[in-house]
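Participant: Here you go, structure-v1.txt (compact mmCIF, C-alpha atoms):
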```txt
# COMPACT_ATOMS: atom_id res chain seq x y z
CA MET A 1 17.24 22.92 -122.92
CA ALA A 2 15.86 26.39 -123.61
CA GLY A 3 18.85 27.98 -121.86
CA LEU A 4 21.25 25.88 -123.93
CA ALA A 5 19.49 26.91 -127.14
CA GLY A 6 19.69 30.56 -126.08
CA ARG A 7 23.44 30.30 -125.40
CA ILE A 8 23.97 28.63 -128.79
CA ARG A 9 22.04 31.39 -130.57
CA GLN A 10 24.05 34.02 -128.72
CA ARG A 11 27.37 32.41 -129.66
CA LEU A 12 26.41 31.97 -133.32
CA GLY A 13 25.33 35.56 -133.83
CA VAL A 14 22.93 37.03 -136.37
CA ARG A 15 25.24 36.51 -139.35
CA MET A 16 25.84 32.83 -138.72
CA ARG A 17 22.21 32.14 -137.80
CA SER A 18 21.03 33.84 -140.99
CA ALA A 19 23.54 31.89 -143.07
CA LEU A 20 22.54 28.59 -141.47
CA ALA A 21 18.84 29.35 -141.86
CA ALA A 22 19.29 30.27 -145.54
CA SER A 23 21.37 27.13 -146.13
CA VAL A 24 18.76 24.90 -144.50
CA VAL A 25 15.92 26.50 -146.48
CA VAL A 26 17.83 26.21 -149.75
CA ALA A 27 18.85 22.62 -148.99
CA VAL A 28 15.29 21.52 -148.19
CA ALA A 29 13.81 23.41 -151.14
CA SER A 30 16.48 22.06 -153.48
CA VAL A 31 15.94 18.47 -152.36
CA LEU A 32 12.18 18.75 -152.78
CA THR A 33 12.59 20.46 -156.15
CA GLY A 34 15.16 17.87 -157.27
CA VAL A 35 12.89 14.95 -156.29
CA ALA A 36 9.96 16.57 -158.10
CA PHE A 37 12.16 17.22 -161.14
CA VAL A 38 13.40 13.62 -161.33
CA ILE A 39 9.89 12.22 -160.94
CA ALA A 40 8.42 14.61 -163.51
CA ALA A 41 11.24 13.96 -165.99
CA ARG A 42 10.82 10.20 -165.63
CA LEU A 43 7.06 10.44 -166.12
CA ILE A 44 7.51 12.60 -169.22
CA LEU A 45 10.11 10.28 -170.74
CA THR A 46 8.00 7.21 -169.94
CA GLY A 47 5.01 8.90 -171.55
CA ASN A 48 7.08 9.55 -174.67
CA VAL A 49 8.07 5.88 -174.81
CA ASP A 50 4.44 4.83 -174.41
CA GLN A 51 3.47 7.18 -177.24
CA ASP A 52 6.22 5.80 -179.51
CA THR A 53 5.29 2.18 -178.84
CA SER A 54 1.60 2.96 -179.39
CA ASP A 55 2.37 4.62 -182.74
CA ARG A 56 4.56 1.70 -183.77
CA ALA A 57 1.90 -0.82 -182.76
CA ALA A 58 -0.66 1.10 -184.81
CA GLN A 59 1.67 1.01 -187.83
CA VAL A 60 2.19 -2.76 -187.46
CA ALA A 61 -1.56 -3.31 -187.06
CA GLY A 62 -2.23 -1.37 -190.28
CA ALA A 63 0.22 -3.53 -192.23
CA LEU A 64 -0.87 -6.98 -190.96
CA ASP A 65 -2.70 -7.83 -194.21
CA ASP A 66 0.24 -6.76 -196.43
CA ASP A 67 3.36 -8.88 -195.98
CA ALA A 68 5.63 -6.45 -197.81
CA ALA A 69 4.38 -3.49 -195.82
CA LEU A 70 4.60 -5.50 -192.59
CA ALA A 71 8.20 -6.46 -193.28
CA ALA A 72 9.06 -2.83 -193.94
CA VAL A 73 7.38 -1.67 -190.76
CA MET A 74 9.11 -4.32 -188.62
CA ARG A 75 12.55 -3.65 -190.06
CA PRO A 76 14.49 -1.80 -187.32
CA SER A 77 16.51 1.35 -188.00
CA LEU A 78 20.19 1.67 -187.03
CA ARG A 79 19.42 3.44 -183.74
CA ASP A 80 16.15 1.64 -183.06
CA ARG A 81 15.94 -0.16 -179.71
CA THR A 82 12.40 -1.39 -180.31
CA VAL A 83 11.28 -5.03 -180.60
CA VAL A 84 8.04 -6.18 -182.28
CA GLN A 85 6.07 -9.40 -182.16
CA VAL A 86 2.81 -10.41 -183.79
CA LEU A 87 0.94 -13.16 -182.00
CA GLY A 88 -1.86 -15.32 -183.27
CA ALA A 89 -5.10 -16.09 -181.50
CA ASP A 90 -3.46 -19.09 -179.86
CA GLY A 91 -0.58 -17.02 -178.52
CA ARG A 92 2.08 -18.30 -180.92
CA VAL A 93 4.59 -15.85 -182.35
CA LEU A 94 3.75 -15.30 -186.03
CA ARG A 95 6.17 -12.50 -186.84
CA ALA A 96 9.05 -11.00 -184.82
CA SER A 97 11.74 -8.42 -185.33
CA ALA A 98 15.28 -9.65 -185.94
CA LEU A 99 16.48 -8.94 -182.40
CA ILE A 100 14.07 -11.44 -180.83
CA ALA A 101 13.60 -13.85 -183.71
CA GLY A 102 12.72 -17.31 -182.39
CA ALA A 103 12.02 -16.08 -178.89
CA GLN A 104 8.95 -16.71 -176.83
CA PRO A 105 6.32 -13.98 -176.51
CA ILE A 106 7.77 -10.99 -174.72
CA SER A 107 4.54 -10.34 -172.81
CA SER A 108 1.57 -12.27 -171.50
CA LEU A 109 -0.82 -9.40 -172.22
CA ARG A 110 -3.75 -10.39 -174.52
CA PRO A 111 -6.03 -7.39 -175.01
CA GLN A 112 -9.27 -7.58 -176.92
CA PRO A 113 -9.34 -6.13 -180.44
CA GLY A 114 -9.19 -2.35 -180.27
CA GLN A 115 -7.83 -2.35 -176.71
CA THR A 116 -4.33 -1.34 -175.53
CA ARG A 117 -2.54 -2.55 -172.43
CA ARG A 118 0.98 -1.80 -171.14
CA GLU A 119 3.54 -3.29 -168.81
CA GLN A 120 7.23 -2.99 -167.96
CA ARG A 121 9.51 -5.99 -167.74
CA ARG A 122 13.04 -7.19 -168.24
CA LEU A 123 13.82 -9.13 -171.43
CA ALA A 124 16.75 -11.51 -171.30
CA VAL A 125 16.55 -12.05 -175.07
CA ALA A 126 17.08 -8.34 -175.76
CA HIS A 127 20.39 -7.45 -174.09
CA ASP A 128 18.83 -8.17 -170.68
CA GLU A 129 17.34 -4.66 -170.50
CA TYR A 130 14.11 -3.30 -169.15
CA PHE A 131 11.46 -2.64 -171.80
CA ARG A 132 8.23 -0.71 -171.82
CA ILE A 133 5.78 -3.00 -173.69
CA THR A 134 2.52 -1.97 -175.41
CA ALA A 135 0.05 -4.70 -176.35
CA LEU A 136 -2.56 -3.84 -179.00
CA GLY A 137 -5.47 -6.15 -179.89
CA VAL A 138 -6.17 -6.24 -183.66
CA ASP A 139 -8.95 -7.90 -185.70
CA SER A 140 -7.21 -8.65 -189.03
CA ASP A 141 -8.42 -10.49 -192.14
CA ALA A 142 -6.68 -13.63 -190.90
CA GLY A 143 -8.31 -13.43 -187.48
CA PRO A 144 -7.54 -11.88 -184.10
CA ARG A 145 -3.96 -10.79 -183.60
CA THR A 146 -1.95 -9.28 -180.77
CA VAL A 147 0.75 -6.77 -181.62
CA LEU A 148 3.48 -6.48 -178.98
CA VAL A 149 5.87 -3.50 -179.23
CA GLY A 150 8.59 -3.06 -176.63
CA GLN A 151 11.06 -0.18 -176.31
CA SER A 152 14.10 -0.13 -174.02
CA ILE A 153 13.97 2.29 -171.13
CA ASP A 154 17.61 1.90 -170.08
CA GLU A 155 18.27 5.37 -171.44
CA ILE A 156 15.60 6.72 -169.12
CA ASP A 157 17.23 4.94 -166.20
CA ASP A 158 20.65 6.23 -167.20
CA GLY A 159 19.31 9.76 -167.55
CA THR A 160 17.60 9.53 -164.16
CA GLU A 161 20.78 8.29 -162.49
CA ALA A 162 22.77 11.06 -164.15
CA ALA A 163 20.27 13.67 -162.93
CA ILE A 164 20.39 12.26 -159.39
CA GLY A 165 24.21 12.30 -159.48
CA ALA A 166 24.25 15.89 -160.71
CA LEU A 167 21.82 16.90 -157.97
CA ALA A 168 23.88 15.07 -155.33
CA VAL A 169 26.90 17.16 -156.32
CA GLY A 170 25.15 20.41 -157.16
CA LEU A 171 22.80 20.72 -154.18
CA PRO A 172 25.51 20.68 -151.46
CA LEU A 173 27.56 23.11 -153.54
CA LEU A 174 24.54 25.37 -153.98
CA THR A 175 23.81 25.17 -150.24
CA VAL A 176 27.38 26.17 -149.36
CA ILE A 177 27.37 29.03 -151.88
CA VAL A 178 24.06 30.36 -150.54
CA GLY A 179 25.27 30.07 -146.94
CA VAL A 180 28.55 31.90 -147.64
CA ALA A 181 26.80 34.57 -149.71
CA THR A 182 24.19 35.09 -146.99
CA PHE A 183 26.92 35.33 -144.34
CA LEU A 184 28.77 37.98 -146.36
CA PHE A 185 25.67 39.96 -147.36
CA VAL A 186 24.20 39.93 -143.84
CA GLY A 187 27.58 41.00 -142.47
CA ARG A 188 27.65 43.86 -144.95
CA SER A 189 24.11 44.83 -144.00
CA LEU A 190 24.98 44.73 -140.29
CA ARG A 191 28.03 46.99 -140.60
CA PRO A 192 25.94 50.09 -139.80
CA VAL A 193 24.52 48.27 -136.77
CA ASP A 194 28.03 47.41 -135.58
CA ALA A 195 29.08 51.04 -136.06
CA MET A 196 26.05 52.13 -134.03
CA ARG A 197 26.94 49.61 -131.30
CA ARG A 198 30.55 50.83 -131.05
CA GLN A 199 29.40 54.44 -130.88
CA ALA A 200 26.75 53.61 -128.26
CA GLU A 201 29.42 52.01 -126.04
CA THR A 202 31.21 55.37 -125.83
CA ILE A 203 28.12 57.33 -124.73
CA THR A 204 27.97 58.04 -121.01
CA GLY A 205 26.28 60.59 -118.82
CA ARG A 206 29.13 63.04 -119.57
CA ASN A 207 28.92 62.97 -123.38
CA LEU A 208 25.23 62.70 -124.07
CA HIS A 209 25.72 65.10 -126.99
CA THR A 210 27.25 62.23 -128.99
CA ARG A 211 24.93 60.69 -131.59
CA LEU A 212 24.82 57.39 -133.44
CA PRO A 213 25.88 57.36 -137.11
CA VAL A 214 22.90 57.24 -139.47
CA PRO A 215 23.62 55.20 -142.64
CA PRO A 216 22.59 56.83 -145.94
CA THR A 217 20.54 53.79 -146.96
CA GLY A 218 17.12 55.05 -145.94
CA ASP A 219 16.12 51.56 -144.73
CA GLU A 220 14.98 50.15 -141.39
CA ILE A 221 18.50 50.40 -139.92
CA ALA A 222 18.66 54.10 -140.77
CA ALA A 223 15.23 54.55 -139.20
CA LEU A 224 16.46 52.75 -136.06
CA ALA A 225 19.51 55.02 -135.85
CA ALA A 226 17.34 58.13 -136.25
CA THR A 227 14.95 56.87 -133.57
CA MET A 228 17.83 56.16 -131.17
CA ASN A 229 19.25 59.64 -131.79
CA GLY A 230 15.85 61.13 -131.03
CA MET A 231 15.81 59.19 -127.77
CA LEU A 232 19.28 60.51 -126.94
CA ASP A 233 18.04 64.06 -127.64
CA ARG A 234 15.26 63.60 -125.11
CA ILE A 235 17.58 62.02 -122.54
CA GLU A 236 20.12 64.82 -123.00
CA SER A 237 17.43 67.48 -122.56
CA ALA A 238 16.05 65.83 -119.42
CA THR A 239 19.52 65.31 -117.96
CA ALA A 240 20.56 68.89 -118.72
CA ALA A 241 17.40 70.17 -117.04
CA GLN A 242 18.08 68.02 -113.99
CA ARG A 243 21.68 69.18 -113.74
CA ARG A 244 20.65 72.82 -114.08
CA PHE A 245 18.09 72.32 -111.34
CA VAL A 246 20.64 70.74 -108.97
CA ALA A 247 23.23 73.43 -109.69
CA ASP A 248 20.76 76.32 -109.42
CA ALA A 249 19.15 74.95 -106.27
CA SER A 250 22.55 74.40 -104.65
CA HIS A 251 23.66 77.92 -105.52
CA GLU A 252 20.43 79.41 -104.21
CA LEU A 253 20.72 77.46 -100.96
CA ARG A 254 24.22 78.67 -100.15
CA SER A 255 23.24 82.25 -99.35
CA PRO A 256 20.42 81.52 -96.86
CA LEU A 257 22.51 78.75 -95.34
CA SER A 258 25.38 81.17 -94.75
CA THR A 259 22.92 83.52 -93.07
CA VAL A 260 21.66 80.70 -90.85
CA LEU A 261 25.21 79.73 -89.86
CA ALA A 262 26.10 83.32 -89.06
CA GLY A 263 22.96 83.64 -86.90
CA LEU A 264 23.77 80.42 -85.06
CA ASP A 265 27.24 81.72 -84.24
CA LEU A 266 25.61 84.67 -82.48
CA LEU A 267 23.43 82.43 -80.33
CA GLY A 268 26.23 80.86 -78.33
CA ASP A 269 26.77 77.20 -77.44
CA ALA A 270 23.45 76.10 -76.04
CA PRO A 271 22.67 72.40 -76.78
CA PRO A 272 19.88 73.18 -79.29
CA VAL A 273 22.14 75.66 -81.06
CA VAL A 274 24.99 73.14 -81.22
CA ARG A 275 22.60 70.57 -82.68
CA MET A 276 21.32 73.06 -85.26
CA ARG A 277 24.89 74.10 -86.11
CA ARG A 278 25.84 70.45 -86.67
CA GLU A 279 22.87 69.92 -88.99
CA SER A 280 23.70 73.17 -90.82
CA ASP A 281 27.29 72.02 -91.33
CA ARG A 282 25.97 68.76 -92.71
CA MET A 283 23.70 70.67 -95.10
CA ALA A 284 26.63 72.81 -96.19
CA ARG A 285 28.66 69.71 -97.01
CA LEU A 286 25.73 68.24 -98.92
CA ILE A 287 25.30 71.42 -100.97
CA SER A 288 29.03 71.48 -101.70
CA ASP A 289 28.90 67.85 -102.81
CA LEU A 290 25.90 68.48 -105.05
CA LEU A 291 27.64 71.42 -106.70
CA LEU A 292 30.73 69.32 -107.33
CA LEU A 293 28.68 66.48 -108.83
CA ALA A 294 26.80 68.92 -111.05
CA ARG A 295 30.10 70.28 -112.39
CA VAL A 296 31.49 66.77 -112.86
CA ASP A 297 28.40 65.61 -114.75
CA GLU A 298 28.32 68.68 -116.96
CA LYS A 299 31.97 69.32 -117.81
CA GLY A 300 33.94 66.55 -116.15
CA LEU A 301 36.34 67.02 -113.29
CA GLN A 302 38.71 69.91 -113.91
CA LEU A 303 42.10 69.03 -112.42
CA ARG A 304 44.93 71.40 -111.52
CA ARG A 305 48.03 69.25 -111.87
CA GLU A 306 51.00 69.73 -109.58
CA ASP A 307 53.29 67.64 -107.38
CA VAL A 308 51.47 66.45 -104.26
CA ASP A 309 53.06 64.83 -101.18
CA LEU A 310 50.47 62.28 -100.11
CA ASP A 311 52.11 61.74 -96.73
CA ASP A 312 51.61 65.43 -95.88
CA LEU A 313 47.93 65.23 -96.79
CA VAL A 314 47.51 62.11 -94.70
CA TYR A 315 49.00 63.75 -91.61
CA LEU A 316 46.85 66.87 -92.06
CA GLU A 317 43.65 64.81 -92.28
CA ARG A 318 44.70 62.62 -89.37
CA GLU A 319 45.19 65.70 -87.18
CA ARG A 320 41.80 67.04 -88.25
CA LEU A 321 40.00 63.79 -87.48
CA THR A 322 41.80 63.41 -84.14
CA ALA A 323 40.62 66.87 -83.12
CA GLU A 324 37.03 66.23 -84.22
CA ARG A 325 36.77 62.67 -82.82
CA PRO A 326 39.05 62.46 -79.79
CA GLU A 327 37.37 59.21 -78.67
CA LEU A 328 38.87 57.38 -81.70
CA ARG A 329 42.43 56.12 -81.98
CA VAL A 330 43.60 57.39 -85.38
CA THR A 331 47.00 56.03 -86.44
CA ALA A 332 48.99 56.72 -89.59
CA ARG A 333 51.90 54.82 -91.12
CA SER A 334 53.28 56.87 -93.94
CA ALA A 335 56.25 56.78 -96.32
CA PRO A 336 57.26 59.77 -98.46
CA VAL A 337 55.21 59.38 -101.67
CA ARG A 338 54.71 62.04 -104.31
CA VAL A 339 52.22 62.01 -107.17
CA SER A 340 51.04 64.44 -109.83
CA GLY A 341 47.50 65.60 -109.22
CA ASP A 342 45.12 68.18 -107.84
CA PRO A 343 45.95 68.72 -104.14
CA HIS A 344 42.51 70.12 -103.29
CA HIS A 345 40.64 67.17 -104.80
CA LEU A 346 43.06 64.58 -103.41
CA GLN A 347 42.67 66.07 -99.93
CA ARG A 348 38.92 65.83 -100.39
CA VAL A 349 39.27 62.14 -101.22
CA LEU A 350 41.25 61.51 -98.01
CA ARG A 351 38.75 63.50 -95.98
CA ASN A 352 35.80 61.54 -97.37
CA LEU A 353 37.52 58.22 -96.73
CA LEU A 354 38.53 59.12 -93.18
CA ASP A 355 35.09 60.54 -92.35
CA ASN A 356 33.48 57.38 -93.71
CA ALA A 357 35.80 55.20 -91.59
CA ALA A 358 35.17 57.34 -88.48
CA ARG A 359 31.39 57.00 -88.84
CA HIS A 360 31.62 53.21 -88.74
CA ALA A 361 34.63 52.62 -86.48
CA ARG A 362 34.19 51.35 -82.95
CA ARG A 363 37.53 52.49 -81.49
CA ALA A 364 40.25 52.79 -84.16
CA VAL A 365 40.98 54.08 -87.66
CA GLU A 366 44.25 53.33 -89.45
CA VAL A 367 45.76 55.06 -92.50
CA THR A 368 48.79 53.85 -94.47
CA VAL A 369 50.72 55.34 -97.38
CA GLU A 370 53.35 53.47 -99.39
CA ALA A 371 54.81 53.13 -102.84
CA ARG A 372 54.31 49.84 -104.73
CA ASP A 373 55.59 49.04 -108.24
CA GLY A 374 55.21 52.52 -109.69
CA THR A 375 51.95 53.29 -107.89
CA ALA A 376 51.09 55.15 -104.74
CA GLU A 377 48.81 53.18 -102.43
CA ILE A 378 46.72 54.53 -99.58
CA THR A 379 44.60 52.32 -97.31
CA VAL A 380 42.01 53.52 -94.81
CA SER A 381 40.68 50.82 -92.46
CA ASP A 382 38.43 50.68 -89.42
CA ASP A 383 37.27 48.13 -86.86
CA GLY A 384 33.57 48.59 -87.57
CA PRO A 385 31.00 46.15 -88.98
CA GLY A 386 32.60 46.15 -92.44
CA ILE A 387 30.95 46.04 -95.85
CA ALA A 388 29.47 42.82 -97.21
CA PRO A 389 30.97 41.59 -100.51
CA ALA A 390 27.61 42.05 -102.24
CA ASP A 391 27.62 45.77 -101.32
CA ARG A 392 31.25 46.62 -102.13
CA ASP A 393 30.43 47.98 -105.57
CA ARG A 394 27.08 49.43 -104.60
CA VAL A 395 28.54 51.76 -101.97
CA PHE A 396 30.07 53.84 -104.78
CA ASP A 397 26.64 54.65 -106.23
CA ARG A 398 25.25 58.07 -105.41
CA PHE A 399 22.98 58.43 -102.40
CA VAL A 400 23.46 54.77 -101.45
CA ARG A 401 23.69 54.28 -97.71
CA LEU A 402 23.81 50.81 -96.19
CA ASP A 403 21.45 49.72 -93.44
CA GLU A 404 24.05 50.49 -90.76
CA ASP A 405 24.28 54.08 -92.03
CA ARG A 406 20.58 54.98 -92.33
CA SER A 407 20.58 57.20 -89.29
CA ARG A 408 20.70 60.91 -89.96
CA THR A 409 22.79 61.39 -86.85
CA GLY A 410 25.70 59.62 -88.51
CA GLY A 411 26.07 62.48 -90.95
CA GLY A 412 26.33 60.30 -94.06
CA THR A 413 24.76 61.56 -97.27
CA GLY A 414 25.67 58.71 -99.62
CA LEU A 415 27.88 61.02 -101.70
CA GLY A 416 31.30 60.81 -100.04
CA LEU A 417 32.47 57.54 -101.59
CA PRO A 418 31.00 58.25 -105.08
CA ILE A 419 32.78 61.63 -105.14
CA ALA A 420 36.01 60.00 -103.94
CA ARG A 421 35.87 57.40 -106.72
CA ASP A 422 35.12 60.05 -109.38
CA ILE A 423 38.16 62.06 -108.28
CA VAL A 424 40.41 58.99 -108.12
CA THR A 425 39.24 57.83 -111.58
CA ALA A 426 39.96 61.29 -113.00
CA HIS A 427 43.52 60.91 -111.69
CA GLY A 428 43.86 57.53 -113.44
CA GLY A 429 43.63 55.52 -110.23
CA THR A 430 41.32 53.00 -108.59
CA LEU A 431 39.35 52.85 -105.35
CA THR A 432 38.17 49.49 -104.02
CA VAL A 433 36.69 48.01 -100.85
CA GLU A 434 38.15 45.04 -98.95
CA GLU A 435 38.00 43.61 -95.44
CA SER A 436 40.40 44.94 -92.83
CA ARG A 437 42.39 42.86 -90.38
CA ALA A 438 40.07 43.99 -87.59
CA GLY A 439 37.02 42.79 -89.52
CA GLY A 440 35.87 46.24 -90.63
CA ALA A 441 36.11 47.93 -94.02
CA LEU A 442 39.37 48.67 -95.81
CA LEU A 443 39.35 51.13 -98.71
CA ARG A 444 42.37 50.81 -100.96
CA LEU A 445 43.30 53.79 -103.15
CA LYS A 446 45.89 53.42 -105.93
CA LEU A 447 47.32 56.32 -107.95
CA PRO A 448 50.00 56.35 -110.66
CA ARG A 449 53.21 57.96 -109.41
```
Is it possible to give me this structure as structure tokens?
Facilitator:
Amino acid sequence: MAGLAGRIRQRLGVRMRSALAASVVVAVASVLTGVAFVIAARLILTGNVDQDTSDRAAQVAGALDDDAALAAVMRPSLRDRTVVQVLGADGRVLRASALIAGAQPISSLRPQPGQTRREQRRLAVAHDEYFRITALGVDSDAGPRTVLVGQSIDEIDDGTEAAIGALAVGLPLLTVIVGVATFLFVGRSLRPVDAMRRQAETITGRNLHTRLPVPPTGDEIAALAATMNGMLDRIESATAAQRRFVADASHELRSPLSTVLAGLDLLGDAPPVVRMRRESDRMARLISDLLLLARVDEKGLQLRREDVDLDDLVYLERERLTAERPELRVTARSAPVRVSGDPHHLQRVLRNLLDNAARHARRAVEVTVEARDGTAEITVSDDGPGIAPADRDRVFDRFVRLDEDRSRTGGGTGLGLPIARDIVTAHGGTLTVEESRAGGALLRLKLPR
């Protein structure tokens, strides 16, 4: 359930989640406010009716001993929706307004003199409406009397229904307006964040000098952009220092290594000397690879474009590998294929691929070159243990050597395949790993023709 909720939040995005949250808050607050408003309005209007009926009852009570005054008080106005009855001590109707003349008492309330009681009931004799009735006990000259004054509350009910109808229409409209406005305003506020995201996607290890745009708003988003740029400054400084160290160390190592190689050549071909010469050659290749990677990381790969016959390069590297590893059967099937690229770097790619295949092959290495649909395709396969699918992307990371290649005697440094992929990518091609027919590894190189 938690995973499903997380996927839903991710699909909705910040803008939609903010809009939905604002709509829900406004809807709940509006409903609660509307209910409170309707209740408060009804209580206020009912209180006004109670006040009017109490005042009218007091007027009738003051005129009980004066028939002329009582008739004037009980005479309804044109817009009056009030009914009046005067009851005797026995409960009989003594006087009544014209609307309910001859009707039975409109209420069973019989308060003591000086007391007031109220109730709400429906009167069939008065247009079948609900009335708010005030009963006032009076001690007149003729004896105890009860003054009943009722006022219609249908207008209150109509007003309440109208308010509820207006809220039923207005609240959904208000909720939609708030949701749309929040969606638009949040989207506008997140534009700088989106610009920062797009710029961050372009930043790699080769363009660490690029910085995120800082919006001129001076708010939290601008502070975030400034903080991220400060982090990029620190990363760029640390990376530059690391690259300088690798380049300087590699340069400094070349001179003493050349001296060591020259001294080993003077010592002959004794087994210890041969072993030391092999390790020195391996160190020389490692230093050369480190220098190349340092240049690639700092300035990118500088290519010298010219027409290159891939079949010629393949035959040259096959002859080299055959001479170095006579125990292997190295075969090549090549068709004339020409591409535009840097011959030195492309030859280095082929050398790295063939050396990698030779280190893992049991008896045979095969190279093919052919043209396919506007691309030049080279495959290098061996009959070794192969590369597991889970490791086929990882082998192109720097200094990664699989368990089968941990031995120093194999000569692998974990840089050959990463360098090959960098060169192929710079030429606009791809380098992938598959399984060969013999069960080993097959590296497929594609270049645009």
Participant: For the contact check between range 105-139 of chain A and range 77-99 of chain A, emit one row per residue of range 105-139 of chain A within 10 Å, containing the shortest atom pair and the distance in Å rounded to one decimal, counting only C-alpha atoms, chain then rising number order, as a Markdown table.
Facilitator:
```
| residue | atom | partner | partner_atom | distance |
| --- | --- | --- | --- | --- |
| A:Pro105 | CA | A:Val93 | CA | 6.4 |
| A:Ile106 | CA | A:Gln85 | CA | 7.8 |
| A:Ser107 | CA | A:Gln85 | CA | 9.5 |
| A:Ser108 | CA | A:Gly91 | CA | 8.7 |
| A:Leu109 | CA | A:Gly91 | CA | 9.9 |
| A:Arg110 | CA | A:Gly91 | CA | 8.4 |
| A:Val125 | CA | A:Leu99 | CA | 8.0 |
| A:Ala126 | CA | A:Leu99 | CA | 6.7 |
| A:His127 | CA | A:Leu99 | CA | 9.3 |
| A:Phe131 | CA | A:Thr82 | CA | 8.7 |
| A:Arg132 | CA | A:Thr82 | CA | 9.5 |
| A:Ile133 | CA | A:Val83 | CA | 9.1 |
| A:Thr134 | CA | A:Val84 | CA | 9.8 |
| A:Ala135 | CA | A:Gln85 | CA | 9.6 |
| A:Leu136 | CA | A:Val86 | CA | 9.7 |
| A:Gly137 | CA | A:Leu87 | CA | 9.7 |
| A:Val138 | CA | A:Val86 | CA | 9.9 |
| A:Asp139 | CA | A:Ala89 | CA | 10.0 |
```
Participant: Every residue with an atom at most 12 Å from (43.0, 66.0, -86.2) (file coordinates; all atoms listed in the file) is what I'm after, so could you write them as a PyMOL selection string?
Facilitator: chain A and resi 313-332+351+354-355+358
Participant: So, with only C-alpha atoms as the atoms that count, which of A:Asn356, A:Gln242, A:Thr430, A:Asn48 lies closest to Leu293 in chain A?
Facilitator: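 Using only C-alpha atoms, Leu293 in chain A sits closest to A:Gln242.
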Participant: Need to verify the contact set: Asp141 in chain A, 10 Å, only C-alpha atoms, exclusion of same-chain residues closer than 3 positions in sequence. Can you return it as number ranges by chain?
Facilitator: A: 64-65, 138, 144-145
Participant: Please check which residues have atoms at most 9 Å from (29.4, 66.3, -100.6) in the file's coordinates, counting only C-alpha atoms, and write them as a ChimeraX atom specification.
Facilitator: /A:282,284-293,352,413-416,419
Participant: Those same residues - C-alpha atoms - I'd like them written as a compact mmCIF listing (two decimals), keeping the file's coordinate frame.
Facilitator:
```txt
# COMPACT_ATOMS: atom_id res chain seq x y z
CA ARG A 282 25.97 68.76 -92.71
CA ALA A 284 26.63 72.81 -96.19
CA ARG A 285 28.66 69.71 -97.01
CA LEU A 286 25.73 68.24 -98.92
CA ILE A 287 25.30 71.42 -100.97
CA SER A 288 29.03 71.48 -101.70
CA ASP A 289 28.90 67.85 -102.81
CA LEU A 290 25.90 68.48 -105.05
CA LEU A 291 27.64 71.42 -106.70
CA LEU A 292 30.73 69.32 -107.33
CA LEU A 293 28.68 66.48 -108.83
CA ASN A 352 35.80 61.54 -97.37
CA THR A 413 24.76 61.56 -97.27
CA GLY A 414 25.67 58.71 -99.62
CA LEU A 415 27.88 61.02 -101.70
CA GLY A 416 31.30 60.81 -100.04
CA ILE A 419 32.78 61.63 -105.14
```
Participant: Could you list, as number ranges by chain, every residue within 10 Å of range 167-171 of chain A, counting all atoms listed in the file and ignoring same-chain residues fewer than 2 positions away?
Facilitator: A: 26-31, 34-35, 38, 161-165, 173-177
Participant: Just how far from CA of Pro111 in chain A is CA of Arg56 in chain A, in Å to one decimal?
Facilitator: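 Pair CA of Arg56 in chain A / CA of Pro111 in chain A returns 16.5 Å.
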Participant: Given only C-alpha atoms as the basis, pick out the residue of A:Gly230, A:Gly386, A:Pro216, A:Gly187 nearest to Ser436 in chain A.
Facilitator: A:Gly386
Participant: If we count all atoms listed in the file and set the cut-off at 12 Å, which residues sit around range 201-206 of chain A, ignoring sequence neighbours fewer than 4 positions away in its own chain? Please answer as a PyMOL selection string.
Facilitator: chain A and resi 194-197+210-212+229+232+235-240+243+293-301
Participant: Could you check how far CA of Leu350 in chain A sits from CA of Leu431 in chain A, in Å to one decimal?
Facilitator: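 One can read the CA of Leu350 in chain A to CA of Leu431 in chain A distance as 11.5 Å.
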Participant: Val308 in chain A: which residues within 6 Å, counting all atoms listed in the file, same-chain residues fewer than 3 positions away excluded, as a VMD selection string?
Facilitator: chain A and resid 338 to 340 343
Participant: Between A:Ala21, A:Leu442, A:Ala69, A:Ile387, which has the minimum distance to Arg401 in chain A (counting all atoms listed in the file)?
Facilitator: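 Residue with the minimum atom-to-atom distance to Arg401 in chain A: A:Ile387.
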Participant: Write out N, CA and C atoms for range 221-226 of chain A, as a CSV table (one decimal), in the frame of the given file.
Facilitator:
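This went into selection.csv:
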```
chain,number,residue,atom,x,y,z
A,221,ILE,N,17.4,50.1,-140.8
A,221,ILE,CA,18.5,50.4,-139.9
A,221,ILE,C,18.7,51.9,-139.8
A,222,ALA,N,18.6,52.6,-140.9
A,222,ALA,CA,18.7,54.1,-140.8
A,222,ALA,C,17.5,54.7,-139.9
A,223,ALA,N,16.3,54.1,-140.0
A,223,ALA,CA,15.2,54.6,-139.2
A,223,ALA,C,15.5,54.2,-137.7
A,224,LEU,N,16.1,53.1,-137.4
A,224,LEU,CA,16.5,52.8,-136.1
A,224,LEU,C,17.5,53.7,-135.5
A,225,ALA,N,18.5,54.1,-136.3
A,225,ALA,CA,19.5,55.0,-135.8
A,225,ALA,C,18.9,56.4,-135.6
A,226,ALA,N,18.0,56.8,-136.5
A,226,ALA,CA,17.3,58.1,-136.2
A,226,ALA,C,16.5,58.1,-135.0
```
